[in-house]
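Visitor: Contents are compact mmCIF, C-alpha atoms and all ligand atoms; file name model30.txt:
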# COMPACT_ATOMS: atom_id res chain seq x y z
CA MET A 1 3.26 -25.73 8.73
CA SER A 2 6.87 -25.58 9.86
CA LYS A 3 8.49 -22.31 10.83
CA PHE A 4 9.13 -19.77 8.06
CA TYR A 5 10.82 -16.36 7.83
CA ILE A 6 9.67 -13.16 6.13
CA LEU A 7 11.66 -10.11 5.13
CA GLY A 8 9.72 -6.82 5.46
CA ILE A 9 10.70 -3.64 3.60
CA GLU A 10 9.46 -0.22 4.68
CA THR A 11 10.18 3.00 2.76
CA SER A 12 6.83 4.81 2.83
CA CYS A 13 8.10 8.06 4.35
CA ASP A 14 11.52 9.10 5.67
CA ASP A 15 12.76 5.90 7.34
CA THR A 16 14.47 3.21 5.30
CA SER A 17 13.90 0.03 7.25
CA MET A 18 13.99 -3.75 6.90
CA GLY A 19 13.20 -6.48 9.35
CA ILE A 20 13.04 -10.25 9.42
CA ILE A 21 10.56 -12.10 11.62
CA ASP A 22 9.58 -15.74 11.95
CA SER A 23 6.09 -17.20 11.68
CA ASP A 24 5.65 -16.89 15.48
CA TYR A 25 6.21 -13.11 15.17
CA LYS A 26 9.67 -13.27 16.75
CA VAL A 27 11.96 -10.49 15.45
CA LEU A 28 15.33 -11.75 14.19
CA SER A 29 16.48 -8.35 12.94
CA ASN A 30 15.04 -4.89 12.47
CA ILE A 31 17.25 -2.14 11.07
CA ILE A 32 15.96 1.43 10.82
CA SER A 33 17.85 4.21 9.12
CA SER A 34 16.24 7.59 9.74
CA GLN A 35 16.93 10.59 7.54
CA PRO A 36 18.05 13.53 9.69
CA ASP A 37 18.59 15.50 6.45
CA HIS A 38 14.94 16.66 6.60
CA GLU A 39 15.39 18.46 9.94
CA LEU A 40 16.86 21.43 8.11
CA PHE A 41 13.54 21.91 6.27
CA GLY A 42 11.21 21.38 9.26
CA GLY A 43 9.45 18.44 7.58
CA VAL A 44 9.95 15.64 5.07
CA VAL A 45 11.02 16.70 1.55
CA PRO A 46 9.60 13.95 -0.70
CA GLU A 47 12.21 14.03 -3.47
CA LEU A 48 15.05 14.03 -0.94
CA ALA A 49 13.43 11.10 0.88
CA SER A 50 13.31 8.97 -2.31
CA ARG A 51 16.95 9.69 -3.09
CA LEU A 52 18.05 8.80 0.44
CA HIS A 53 16.07 5.53 0.33
CA LEU A 54 17.90 4.66 -2.87
CA LYS A 55 21.23 5.35 -1.21
CA ASN A 56 20.43 3.41 1.98
CA ILE A 57 18.49 0.44 0.74
CA LEU A 58 21.26 -1.99 -0.23
CA PRO A 59 23.45 -1.53 2.89
CA ILE A 60 20.30 -1.95 5.01
CA LEU A 61 19.41 -5.19 3.29
CA GLN A 62 22.90 -6.53 3.96
CA ALA A 63 22.82 -5.44 7.60
CA THR A 64 19.33 -6.94 8.11
CA LEU A 65 20.30 -10.33 6.72
CA GLU A 66 23.55 -10.32 8.69
CA GLU A 67 21.83 -9.48 11.98
CA SER A 68 19.28 -12.27 11.45
CA LYS A 69 22.07 -14.85 10.91
CA LEU A 70 19.93 -16.37 8.14
CA ALA A 71 20.84 -17.12 4.54
CA TRP A 72 18.78 -16.10 1.50
CA ASP A 73 17.47 -19.65 1.19
CA ASP A 74 15.81 -19.35 4.60
CA ILE A 75 13.61 -16.42 3.57
CA ALA A 76 10.14 -17.56 2.47
CA ALA A 77 8.76 -14.28 1.12
CA ILE A 78 9.47 -10.58 0.55
CA ALA A 79 6.92 -8.20 2.09
CA VAL A 80 6.75 -4.48 1.30
CA SER A 81 4.58 -1.42 2.07
CA VAL A 82 2.82 -0.26 -1.10
CA ASN A 83 0.32 2.25 0.37
CA PRO A 84 -0.18 4.86 1.83
CA GLY A 85 2.87 7.13 1.82
CA LEU A 86 4.99 9.33 -0.40
CA ILE A 87 4.69 7.82 -3.85
CA GLY A 88 8.37 8.21 -4.80
CA SER A 89 9.48 6.67 -1.51
CA LEU A 90 7.03 3.76 -1.81
CA LEU A 91 8.23 3.10 -5.36
CA VAL A 92 11.85 2.75 -4.25
CA GLY A 93 10.90 0.04 -1.72
CA LEU A 94 8.44 -1.70 -4.04
CA SER A 95 10.82 -1.78 -7.03
CA PHE A 96 13.55 -3.14 -4.78
CA ALA A 97 11.21 -5.78 -3.32
CA LYS A 98 10.07 -6.82 -6.80
CA SER A 99 13.68 -7.23 -8.00
CA LEU A 100 14.50 -9.37 -4.95
CA ALA A 101 11.37 -11.49 -5.38
CA PHE A 102 12.11 -11.99 -9.08
CA ALA A 103 15.81 -12.74 -8.67
CA LEU A 104 15.39 -15.07 -5.68
CA LYS A 105 12.14 -16.66 -6.96
CA LYS A 106 10.30 -15.82 -3.74
CA PRO A 107 6.69 -14.63 -3.44
CA LEU A 108 6.01 -10.90 -3.12
CA ILE A 109 3.54 -9.79 -0.42
CA CYS A 110 2.20 -6.22 -0.57
CA VAL A 111 1.08 -4.61 2.67
CA ASN A 112 -0.86 -1.50 3.67
CA HIS A 113 1.46 0.54 5.90
CA MET A 114 -1.29 1.26 8.48
CA ILE A 115 -2.13 -2.45 8.78
CA GLY A 116 1.64 -2.84 9.31
CA HIS A 117 1.49 -0.43 12.26
CA LEU A 118 -1.36 -2.47 13.74
CA TYR A 119 0.63 -5.70 13.35
CA ALA A 120 3.49 -4.21 15.38
CA ASN A 121 1.20 -5.27 18.24
CA LYS A 122 1.31 -8.92 17.08
CA ILE A 123 5.05 -8.92 17.71
CA ALA A 124 4.42 -8.19 21.40
CA PHE A 125 1.10 -10.07 21.63
CA PRO A 126 1.07 -12.87 19.00
CA ASP A 127 -2.36 -14.11 20.16
CA LEU A 128 -4.05 -10.70 19.81
CA LYS A 129 -7.10 -10.99 17.53
CA PRO A 130 -10.24 -8.95 16.77
CA PRO A 131 -12.81 -8.00 17.87
CA TYR A 132 -11.07 -4.83 18.98
CA LEU A 133 -11.13 -1.06 18.48
CA ALA A 134 -7.92 0.25 16.92
CA LEU A 135 -6.72 3.83 17.27
CA VAL A 136 -4.26 4.32 14.42
CA ILE A 137 -2.31 7.52 14.98
CA SER A 138 0.73 8.58 12.98
CA GLY A 139 2.24 11.49 11.08
CA GLY A 140 -0.37 11.20 8.33
CA HIS A 141 -3.29 9.36 9.94
CA THR A 142 -5.75 9.53 12.81
CA GLU A 143 -8.31 6.77 12.41
CA LEU A 144 -10.56 4.99 14.86
CA VAL A 145 -11.27 1.56 13.38
CA ASN A 146 -13.76 -1.03 14.60
CA PHE A 147 -12.31 -4.46 13.72
CA ARG A 148 -14.99 -7.15 13.91
CA THR A 149 -12.60 -9.63 12.24
CA GLN A 150 -9.21 -9.03 10.62
CA GLU A 151 -10.88 -8.50 7.23
CA ASP A 152 -14.18 -6.99 8.31
CA PHE A 153 -13.65 -3.50 9.72
CA THR A 154 -15.12 0.00 9.62
CA VAL A 155 -13.38 3.35 10.05
CA VAL A 156 -15.75 4.97 12.57
CA GLY A 157 -13.86 8.24 12.99
CA LYS A 158 -11.00 10.10 11.40
CA THR A 159 -9.38 13.49 11.32
CA ARG A 160 -10.99 16.21 9.24
CA ASP A 161 -7.69 18.07 8.81
CA ASP A 162 -4.31 17.37 10.44
CA ALA A 163 -3.31 13.98 11.82
CA SER A 164 -2.34 13.80 15.51
CA GLY A 165 1.36 13.25 14.67
CA GLU A 166 1.16 16.21 12.31
CA ALA A 167 -0.32 18.27 15.18
CA PHE A 168 2.69 17.34 17.34
CA ASP A 169 5.02 18.29 14.47
CA LYS A 170 3.27 21.63 13.85
CA VAL A 171 3.25 22.56 17.54
CA ALA A 172 6.99 21.77 17.65
CA LYS A 173 7.57 23.93 14.60
CA ILE A 174 5.70 26.87 16.18
CA LEU A 175 7.76 26.42 19.37
CA LYS A 176 10.96 26.02 17.29
CA LEU A 177 11.67 22.56 18.67
CA GLY A 178 12.69 20.87 15.41
CA TYR A 179 11.31 17.85 13.53
CA PRO A 180 9.82 15.36 14.35
CA GLY A 181 7.90 17.09 17.11
CA GLY A 182 6.35 14.16 19.01
CA PRO A 183 9.40 12.82 20.86
CA VAL A 184 10.70 16.27 21.93
CA ILE A 185 7.27 17.47 23.12
CA ASP A 186 6.77 14.17 24.99
CA ARG A 187 10.12 14.70 26.75
CA LEU A 188 9.61 18.39 27.54
CA ALA A 189 6.02 17.88 28.71
CA LYS A 190 7.18 15.56 31.50
CA LYS A 191 8.48 18.59 33.42
CA GLY A 192 5.62 20.90 32.44
CA ASP A 193 2.22 21.84 33.83
CA ARG A 194 -0.43 20.44 31.48
CA ASN A 195 -3.05 22.83 32.89
CA PHE A 196 -0.92 25.90 32.19
CA VAL A 197 -2.92 26.89 29.08
CA SER A 198 -6.26 25.45 28.02
CA PHE A 199 -5.90 24.81 24.27
CA PRO A 200 -9.04 23.72 22.36
CA ARG A 201 -9.97 20.03 22.07
CA GLY A 202 -11.14 19.62 18.46
CA LEU A 203 -14.82 18.64 17.90
CA GLU A 204 -15.18 17.99 21.63
CA ARG A 205 -18.88 18.77 21.72
CA GLU A 206 -19.83 17.39 18.31
CA PRO A 207 -21.53 14.03 18.11
CA GLY A 208 -19.62 11.32 16.29
CA TYR A 209 -16.02 10.26 16.48
CA ASP A 210 -14.13 12.51 14.08
CA PHE A 211 -11.11 14.55 15.14
CA SER A 212 -9.77 17.99 14.19
CA TYR A 213 -6.52 19.74 15.03
CA SER A 214 -6.71 22.93 12.95
CA GLY A 215 -8.22 24.93 15.85
CA LEU A 216 -5.40 23.89 18.16
CA LYS A 217 -2.80 24.96 15.61
CA THR A 218 -4.34 28.42 15.22
CA SER A 219 -4.78 28.77 18.96
CA ILE A 220 -1.16 27.98 19.78
CA MET A 221 0.07 30.24 16.96
CA ASN A 222 -1.92 33.15 18.40
CA TYR A 223 -0.83 32.31 21.93
CA VAL A 224 2.86 32.40 20.99
CA LYS A 225 2.42 35.61 18.97
CA ASN A 226 0.96 37.36 22.01
CA GLN A 227 3.79 36.47 24.41
CA THR A 228 7.36 37.68 24.68
CA GLY A 229 10.26 35.43 23.68
CA GLU A 230 11.42 35.30 27.31
CA PHE A 231 7.99 34.15 28.53
CA ILE A 232 7.88 31.37 25.92
CA ALA A 233 11.41 30.24 26.79
CA GLU A 234 10.62 30.26 30.51
CA HIS A 235 7.37 28.29 30.09
CA LEU A 236 8.33 26.08 27.14
CA SER A 237 7.68 22.82 28.98
CA ASP A 238 4.33 24.12 30.35
CA ILE A 239 3.18 25.14 26.86
CA ALA A 240 4.38 21.82 25.39
CA ALA A 241 2.57 19.88 28.15
CA SER A 242 -0.64 21.87 27.59
CA ALA A 243 -0.54 21.36 23.81
CA GLN A 244 0.19 17.65 24.24
CA GLU A 245 -2.77 17.29 26.59
CA ALA A 246 -5.07 18.92 24.02
CA ILE A 247 -3.85 16.54 21.29
CA ILE A 248 -4.09 13.31 23.24
CA GLU A 249 -6.99 13.85 25.66
CA ILE A 250 -9.55 13.98 22.85
CA LEU A 251 -8.11 10.75 21.37
CA VAL A 252 -8.58 8.95 24.69
CA THR A 253 -12.06 10.39 25.33
CA LYS A 254 -13.51 9.56 21.91
CA THR A 255 -11.92 6.10 21.74
CA LEU A 256 -13.29 5.07 25.14
CA LYS A 257 -16.69 6.62 24.39
CA TYR A 258 -17.02 4.52 21.22
CA ALA A 259 -15.77 1.35 22.93
CA LYS A 260 -18.29 1.77 25.75
CA ALA A 261 -21.18 2.59 23.40
CA GLU A 262 -20.47 -0.51 21.28
CA GLY A 263 -19.47 -2.87 24.10
CA ILE A 264 -15.93 -3.37 22.74
CA LYS A 265 -13.56 -4.82 25.32
CA LYS A 266 -10.14 -4.42 23.68
CA ILE A 267 -8.40 -1.21 22.58
CA VAL A 268 -5.32 -1.43 20.35
CA LEU A 269 -3.05 1.57 19.73
CA ALA A 270 -0.83 1.79 16.63
CA GLY A 271 1.43 4.27 14.80
CA GLY A 272 4.14 6.73 15.83
CA VAL A 273 1.94 8.69 18.25
CA SER A 274 1.21 5.51 20.25
CA ALA A 275 4.76 5.99 21.59
CA ASN A 276 3.53 9.02 23.54
CA SER A 277 3.99 8.44 27.25
CA ARG A 278 1.13 10.69 28.39
CA LEU A 279 -1.28 9.05 25.92
CA ARG A 280 -0.42 5.64 27.36
CA GLU A 281 -0.72 6.96 30.91
CA LEU A 282 -4.11 8.59 30.32
CA PHE A 283 -5.48 5.45 28.62
CA GLU A 284 -4.26 3.29 31.52
CA GLU A 285 -5.90 5.73 33.95
CA LYS A 286 -9.30 5.79 32.21
CA ILE A 287 -9.56 2.37 30.63
CA LYS A 288 -11.35 0.73 33.61
CA GLY A 289 -12.30 -2.86 32.86
CA LEU A 290 -11.18 -2.82 29.20
CA GLU A 291 -7.90 -4.25 27.90
CA LEU A 292 -5.28 -1.97 26.36
CA PHE A 293 -2.59 -3.03 23.88
CA TYR A 294 0.21 -0.98 22.33
CA PRO A 295 3.48 -1.91 20.64
CA PRO A 296 6.87 -1.74 22.36
CA LEU A 297 8.38 1.74 21.92
CA LYS A 298 10.83 0.87 19.16
CA LEU A 299 8.11 -0.77 17.07
CA CYS A 300 5.72 2.22 17.21
CA MET A 301 7.56 4.17 14.53
CA ASP A 302 7.98 3.00 10.93
CA ASN A 303 9.96 -0.24 10.74
CA GLY A 304 10.41 -3.27 8.51
CA ALA A 305 9.54 -5.90 11.14
CA MET A 306 5.93 -4.67 11.38
CA ILE A 307 5.57 -5.01 7.58
CA ALA A 308 6.89 -8.58 7.80
CA ALA A 309 4.44 -9.23 10.68
CA ALA A 310 1.52 -8.06 8.53
CA ALA A 311 2.58 -10.60 5.89
CA VAL A 312 2.54 -13.75 8.06
CA GLU A 313 -1.19 -14.51 7.64
CA LYS A 314 -1.01 -13.48 3.98
CA TYR A 315 1.79 -16.01 3.48
CA LEU A 316 -0.27 -18.74 5.15
CA ASN A 317 -3.21 -17.87 2.84
CA GLN A 318 -0.87 -17.71 -0.20
CA ASP A 319 -2.12 -14.16 -0.73
CA PHE A 320 0.75 -13.13 -3.00
CA SER A 321 1.10 -10.08 -5.25
CA ASP A 322 1.94 -9.92 -8.89
CA LEU A 323 5.17 -8.28 -10.02
CA SER A 324 3.00 -5.77 -11.91
CA THR A 325 1.51 -4.43 -8.61
CA ASN A 326 1.85 -0.67 -8.26
CA ALA A 327 2.28 1.60 -5.25
CA PHE A 328 -0.38 4.22 -4.46
CA SER A 329 -0.56 7.07 -2.00
CA THR A 330 -4.31 7.14 -1.10
CA LYS A 331 -4.63 7.56 2.67
CA GLY A 332 -6.29 5.12 5.03
CA ILE A 333 -6.20 1.66 6.46
CA ARG A 334 -7.29 -0.92 3.85
CA ILE A 335 -6.87 -4.51 2.76
CA ILE A 336 -4.46 -4.93 -0.13
O1 LIG B 401 4.08 6.08 12.31
P1 LIG B 401 5.17 7.06 12.09
O2 LIG B 401 6.57 6.67 12.42
O3 LIG B 401 5.19 7.53 10.60
C1 LIG B 401 4.04 7.72 9.84
O4 LIG B 401 3.50 6.71 9.33
O5 LIG B 401 3.62 8.89 9.77
O6 LIG B 401 4.75 8.36 12.90
C2 LIG B 401 5.52 9.52 12.92
C3 LIG B 401 4.79 10.52 13.78
C4 LIG B 401 5.44 11.90 13.77
O7 LIG B 401 4.44 12.87 13.52
C5 LIG B 401 6.00 12.04 15.18
O8 LIG B 401 6.04 13.38 15.66
C6 LIG B 401 5.05 11.18 15.98
O9 LIG B 401 4.76 10.09 15.14
N1 LIG B 401 5.65 10.70 17.24
C7 LIG B 401 5.18 11.01 18.46
C8 LIG B 401 6.06 10.42 19.41
N2 LIG B 401 7.03 9.76 18.72
C9 LIG B 401 6.75 9.94 17.40
N3 LIG B 401 4.12 11.75 18.83
C10 LIG B 401 3.91 11.92 20.15
N4 LIG B 401 4.71 11.40 21.10
C11 LIG B 401 5.78 10.65 20.78
N5 LIG B 401 6.56 10.13 21.75
ZN ZN B 402 4.01 4.99 9.75
Go ahead and render the structure in this file as structure tokens.
Guide:
Amino acid sequence: MSKFYILGIETSCDDTSMGIIDSDYKVLSNIISSQPDHELFGGVVPELASRLHLKNILPILQATLEESKLAWDDIAAIAVSVNPGLIGSLLVGLSFAKSLAFALKKPLICVNHMIGHLYANKIAFPDLKPPYLALVISGGHTELVNFRTQEDFTVVGKTRDDASGEAFDKVAKILKLGYPGGPVIDRLAKKGDRNFVSFPRGLEREPGYDFSYSGLKTSIMNYVKNQTGEFIAEHLSDIAASAQEAIIEILVTKTLKYAKAEGIKKIVLAGGVSANSRLRELFEEKIKGLELFYPPLKLCMDNGAMIAAAAVEKYLNQDFSDLSTNAFSTKGIRII
């Protein structure tokens, strides 16, 4: 088949984003508009997010098409995240995608947002294929997924409470570092001592591959309560580095343990937390003999190009969605 282009629309949480890629996974444009308005509230306010998507969506479409230097006729299909996410936010993107598909007479391709995160890797490594073990870590998800083929996969471990990104965000909130927490903790931790405090590693001694971050949250809350403001300010980077180590070390340990037990040779990281520099470093340090893949930094967070990437194979298989398709918020990686 000759080359084709796909527009991807992403509005599942607080980033309005669109990207255009070609059938070889080359990115022609990828525009992301974040919503700093939520910072004031220390987390995403769903109703505010939907309204901001509505406000941003048309200018972003124009900018995305302009940056790609393509015309509407060049676009083969409209891809959009329909699950999981904030339902109001998803509905803004899906309704917009449906209107475009209807008006332009192009097929609509619905994508699971977590599969989208995984496909951010295809943009950097177009030949990457299962079998592999994926660690999908974002603001709402922490899932260890054994992909035997692209369609045949099992979630072998997941969080029992907070997601790893959520743990970063909660630690940042406790330390009054603002939202989102991951990038600021990552930055601060670089100058800190990660052995300064030993925070608990969730479910470290339990068999199986589930994760838990509620113990860490309580532990850091109590730790901060028992110190003076001056002490916290003086050791902020040490505390951030110690908390970060507790969040990411258990991810690395359990992922490698499963891969070794099952003889899996490739590990693929996906989602916002895969941007974490210490996580990447620790994986590289411990991976010994296995191959590690993760997306380029700017494709780790929510973006439209990864949604378009997840639609390439669907386009080839003519796996199109009806205009009556609905969005849904149920968590987890799944085939749509
Ligand atoms: O995948 P994503 O953009 O959105 C969701 O689907 O949730 O992930 C956002 C999450 C936030 O919790 C944020 O704090 C975290 O990813 N994050 C990071 C880093 N950059 C973003 N966590 C750790 N280190 C980072 N460098
Ligand atoms: Zn995401």
Visitor: Ranking A:Arg187, A:Arg280, A:Arg201, A:Lys26 by minimum distance to Ala246 of chain A and counting all atoms listed in the file, which one comes first?
Guide: A:Arg201
Visitor: Can you tell me which residues come within 7 Å of ligand ZN 402 (chain B) when counting only C-alpha atoms and all ligand atoms, ideally as a compact mmCIF listing (two decimals) with C-alpha atoms, keeping the file's coordinate frame?
Guide:
# COMPACT_ATOMS: atom_id res chain seq x y z
CA HIS A 113 1.46 0.54 5.90
CA MET A 114 -1.29 1.26 8.48
CA HIS A 117 1.49 -0.43 12.26
CA SER A 138 0.73 8.58 12.98
CA GLY A 139 2.24 11.49 11.08
CA GLY A 271 1.43 4.27 14.80
CA GLY A 272 4.14 6.73 15.83
CA MET A 301 7.56 4.17 14.53
CA ASP A 302 7.98 3.00 10.93
Visitor: For each of A:Ser50, A:Ser81, A:Asn326, A:Thr149, take the minimum atom-to-atom distance to ligand LIG 401 (chain B), counting all atoms listed in the file, then give the residue where this is smallest.
Guide: A:Ser81
Visitor: Ligand LIG 401 (chain B): which residues are within 9 Å, counting only C-alpha atoms and all ligand atoms? Reply as a count of residues only.
Guide: 51
Visitor: Pick from A:Pro207, A:Leu188, A:Val171, A:Ala305: nearest to Tyr223 of chain A, with all atoms listed in the file counted?
Guide: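 With all atoms listed in the file as the atom set, the closest residue is A:Val171.
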Visitor: Tell me which of A:Leu7, A:Ile32, A:Leu203, A:Ala311 sits closest to Ile250 of chain A, counting all atoms listed in the file.
Guide: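 When distances to Ile250 of chain A are compared using all atoms listed in the file, the smallest one comes from A:Leu203.
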Visitor: Go through A:Tyr119, A:Phe199, A:Phe102, A:Tyr209 and flag the residue nearest Met221 of chain A, using all atoms listed in the file for the distances.
Guide: A:Phe199
Visitor: Taking only C-alpha atoms into account, name the residue in A:Thr325, A:Thr154, A:Ser33, A:Gln227 that is nearest to Val80 of chain A.
Guide: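 Closest residue, counting only C-alpha atoms: A:Thr325.
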Visitor: Do you know which residues lie at most 10 Å from (12.8, -10.5, 16.1), with coordinates as in the file and only C-alpha atoms counted, and could you write them as a PyMOL selection string?
Guide: chain A and resi 19-22+24-30+67-68+123+305
Visitor: Please, can segment 147-156 of chain A be completed to all heavy atoms and returned as a PDB file, in the frame of the given file?
Guide:
ATOM      1  N   PHE A 147     -12.630  -3.173  14.354  1.00  0.00           N
ATOM      2  CA  PHE A 147     -12.310  -4.460  13.720  1.00  0.00           C
ATOM      3  C   PHE A 147     -13.215  -5.543  14.294  1.00  0.00           C
ATOM      4  O   PHE A 147     -13.061  -5.919  15.450  1.00  0.00           O
ATOM      5  CB  PHE A 147     -10.852  -4.848  13.987  1.00  0.00           C
ATOM      6  CG  PHE A 147      -9.866  -4.207  13.049  1.00  0.00           C
ATOM      7  CD1 PHE A 147      -9.391  -2.931  13.300  1.00  0.00           C
ATOM      8  CD2 PHE A 147      -9.415  -4.876  11.918  1.00  0.00           C
ATOM      9  CE1 PHE A 147      -8.480  -2.328  12.433  1.00  0.00           C
ATOM     10  CE2 PHE A 147      -8.512  -4.276  11.050  1.00  0.00           C
ATOM     11  CZ  PHE A 147      -8.040  -3.003  11.305  1.00  0.00           C
ATOM     12  N   ARG A 148     -14.159  -6.015  13.477  1.00  0.00           N
ATOM     13  CA  ARG A 148     -14.990  -7.150  13.910  1.00  0.00           C
ATOM     14  C   ARG A 148     -14.205  -8.440  13.678  1.00  0.00           C
ATOM     15  O   ARG A 148     -14.138  -9.306  14.534  1.00  0.00           O
ATOM     16  CB  ARG A 148     -16.311  -7.152  13.148  1.00  0.00           C
ATOM     17  CG  ARG A 148     -17.218  -5.987  13.586  1.00  0.00           C
ATOM     18  CD  ARG A 148     -18.417  -5.810  12.689  1.00  0.00           C
ATOM     19  NE  ARG A 148     -18.027  -5.269  11.405  1.00  0.00           N
ATOM     20  CZ  ARG A 148     -17.903  -3.960  11.133  1.00  0.00           C
ATOM     21  NH1 ARG A 148     -18.153  -3.065  12.081  1.00  0.00           N
ATOM     22  NH2 ARG A 148     -17.538  -3.547   9.954  1.00  0.00           N
ATOM     23  N   THR A 149     -13.580  -8.563  12.491  1.00  0.00           N
ATOM     24  CA  THR A 149     -12.600  -9.630  12.240  1.00  0.00           C
ATOM     25  C   THR A 149     -11.428  -8.914  11.574  1.00  0.00           C
ATOM     26  O   THR A 149     -11.496  -7.708  11.324  1.00  0.00           O
ATOM     27  CB  THR A 149     -13.128 -10.707  11.266  1.00  0.00           C
ATOM     28  OG1 THR A 149     -13.229 -10.120   9.956  1.00  0.00           O
ATOM     29  CG2 THR A 149     -14.476 -11.245  11.702  1.00  0.00           C
ATOM     30  N   GLN A 150     -10.379  -9.666  11.237  1.00  0.00           N
ATOM     31  CA  GLN A 150      -9.210  -9.030  10.620  1.00  0.00           C
ATOM     32  C   GLN A 150      -9.550  -8.425   9.255  1.00  0.00           C
ATOM     33  O   GLN A 150      -8.961  -7.444   8.830  1.00  0.00           O
ATOM     34  CB  GLN A 150      -8.077 -10.050  10.515  1.00  0.00           C
ATOM     35  CG  GLN A 150      -6.690  -9.438  10.475  1.00  0.00           C
ATOM     36  CD  GLN A 150      -6.407  -8.549  11.683  1.00  0.00           C
ATOM     37  OE1 GLN A 150      -6.311  -9.031  12.789  1.00  0.00           O
ATOM     38  NE2 GLN A 150      -6.290  -7.253  11.467  1.00  0.00           N
ATOM     39  N   GLU A 151     -10.528  -8.997   8.573  1.00  0.00           N
ATOM     40  CA  GLU A 151     -10.880  -8.500   7.230  1.00  0.00           C
ATOM     41  C   GLU A 151     -12.103  -7.602   7.238  1.00  0.00           C
ATOM     42  O   GLU A 151     -12.327  -6.846   6.296  1.00  0.00           O
ATOM     43  CB  GLU A 151     -11.152  -9.660   6.250  1.00  0.00           C
ATOM     44  CG  GLU A 151      -9.939 -10.482   5.862  1.00  0.00           C
ATOM     45  CD  GLU A 151      -9.567 -11.471   6.964  1.00  0.00           C
ATOM     46  OE1 GLU A 151     -10.479 -11.959   7.649  1.00  0.00           O
ATOM     47  OE2 GLU A 151      -8.364 -11.723   7.160  1.00  0.00           O
ATOM     48  N   ASP A 152     -12.909  -7.719   8.275  1.00  0.00           N
ATOM     49  CA  ASP A 152     -14.180  -6.990   8.310  1.00  0.00           C
ATOM     50  C   ASP A 152     -14.052  -5.844   9.317  1.00  0.00           C
ATOM     51  O   ASP A 152     -14.141  -6.056  10.526  1.00  0.00           O
ATOM     52  CB  ASP A 152     -15.294  -7.977   8.711  1.00  0.00           C
ATOM     53  CG  ASP A 152     -16.632  -7.269   8.885  1.00  0.00           C
ATOM     54  OD1 ASP A 152     -16.800  -6.166   8.336  1.00  0.00           O
ATOM     55  OD2 ASP A 152     -17.498  -7.826   9.594  1.00  0.00           O
ATOM     56  N   PHE A 153     -13.817  -4.639   8.804  1.00  0.00           N
ATOM     57  CA  PHE A 153     -13.650  -3.500   9.720  1.00  0.00           C
ATOM     58  C   PHE A 153     -14.243  -2.230   9.132  1.00  0.00           C
ATOM     59  O   PHE A 153     -14.435  -2.116   7.922  1.00  0.00           O
ATOM     60  CB  PHE A 153     -12.167  -3.297  10.081  1.00  0.00           C
ATOM     61  CG  PHE A 153     -11.240  -3.078   8.912  1.00  0.00           C
ATOM     62  CD1 PHE A 153     -11.073  -1.819   8.359  1.00  0.00           C
ATOM     63  CD2 PHE A 153     -10.514  -4.139   8.381  1.00  0.00           C
ATOM     64  CE1 PHE A 153     -10.208  -1.621   7.298  1.00  0.00           C
ATOM     65  CE2 PHE A 153      -9.644  -3.940   7.309  1.00  0.00           C
ATOM     66  CZ  PHE A 153      -9.493  -2.686   6.766  1.00  0.00           C
ATOM     67  N   THR A 154     -14.546  -1.275  10.031  1.00  0.00           N
ATOM     68  CA  THR A 154     -15.120   0.000   9.620  1.00  0.00           C
ATOM     69  C   THR A 154     -14.332   1.132  10.277  1.00  0.00           C
ATOM     70  O   THR A 154     -14.075   1.083  11.476  1.00  0.00           O
ATOM     71  CB  THR A 154     -16.588   0.112  10.106  1.00  0.00           C
ATOM     72  OG1 THR A 154     -17.273  -1.081   9.728  1.00  0.00           O
ATOM     73  CG2 THR A 154     -17.291   1.310   9.515  1.00  0.00           C
ATOM     74  N   VAL A 155     -13.991   2.148   9.486  1.00  0.00           N
ATOM     75  CA  VAL A 155     -13.380   3.350  10.050  1.00  0.00           C
ATOM     76  C   VAL A 155     -14.539   4.175  10.614  1.00  0.00           C
ATOM     77  O   VAL A 155     -15.373   4.669   9.863  1.00  0.00           O
ATOM     78  CB  VAL A 155     -12.598   4.138   8.975  1.00  0.00           C
ATOM     79  CG1 VAL A 155     -12.032   5.426   9.554  1.00  0.00           C
ATOM     80  CG2 VAL A 155     -11.477   3.275   8.390  1.00  0.00           C
ATOM     81  N   VAL A 156     -14.604   4.306  11.953  1.00  0.00           N
ATOM     82  CA  VAL A 156     -15.750   4.970  12.570  1.00  0.00           C
ATOM     83  C   VAL A 156     -15.473   6.434  12.878  1.00  0.00           C
ATOM     84  O   VAL A 156     -16.369   7.201  13.221  1.00  0.00           O
ATOM     85  CB  VAL A 156     -16.210   4.223  13.839  1.00  0.00           C
ATOM     86  CG1 VAL A 156     -16.712   2.836  13.470  1.00  0.00           C
ATOM     87  CG2 VAL A 156     -15.097   4.119  14.878  1.00  0.00           C
TER      88      VAL A 156
END
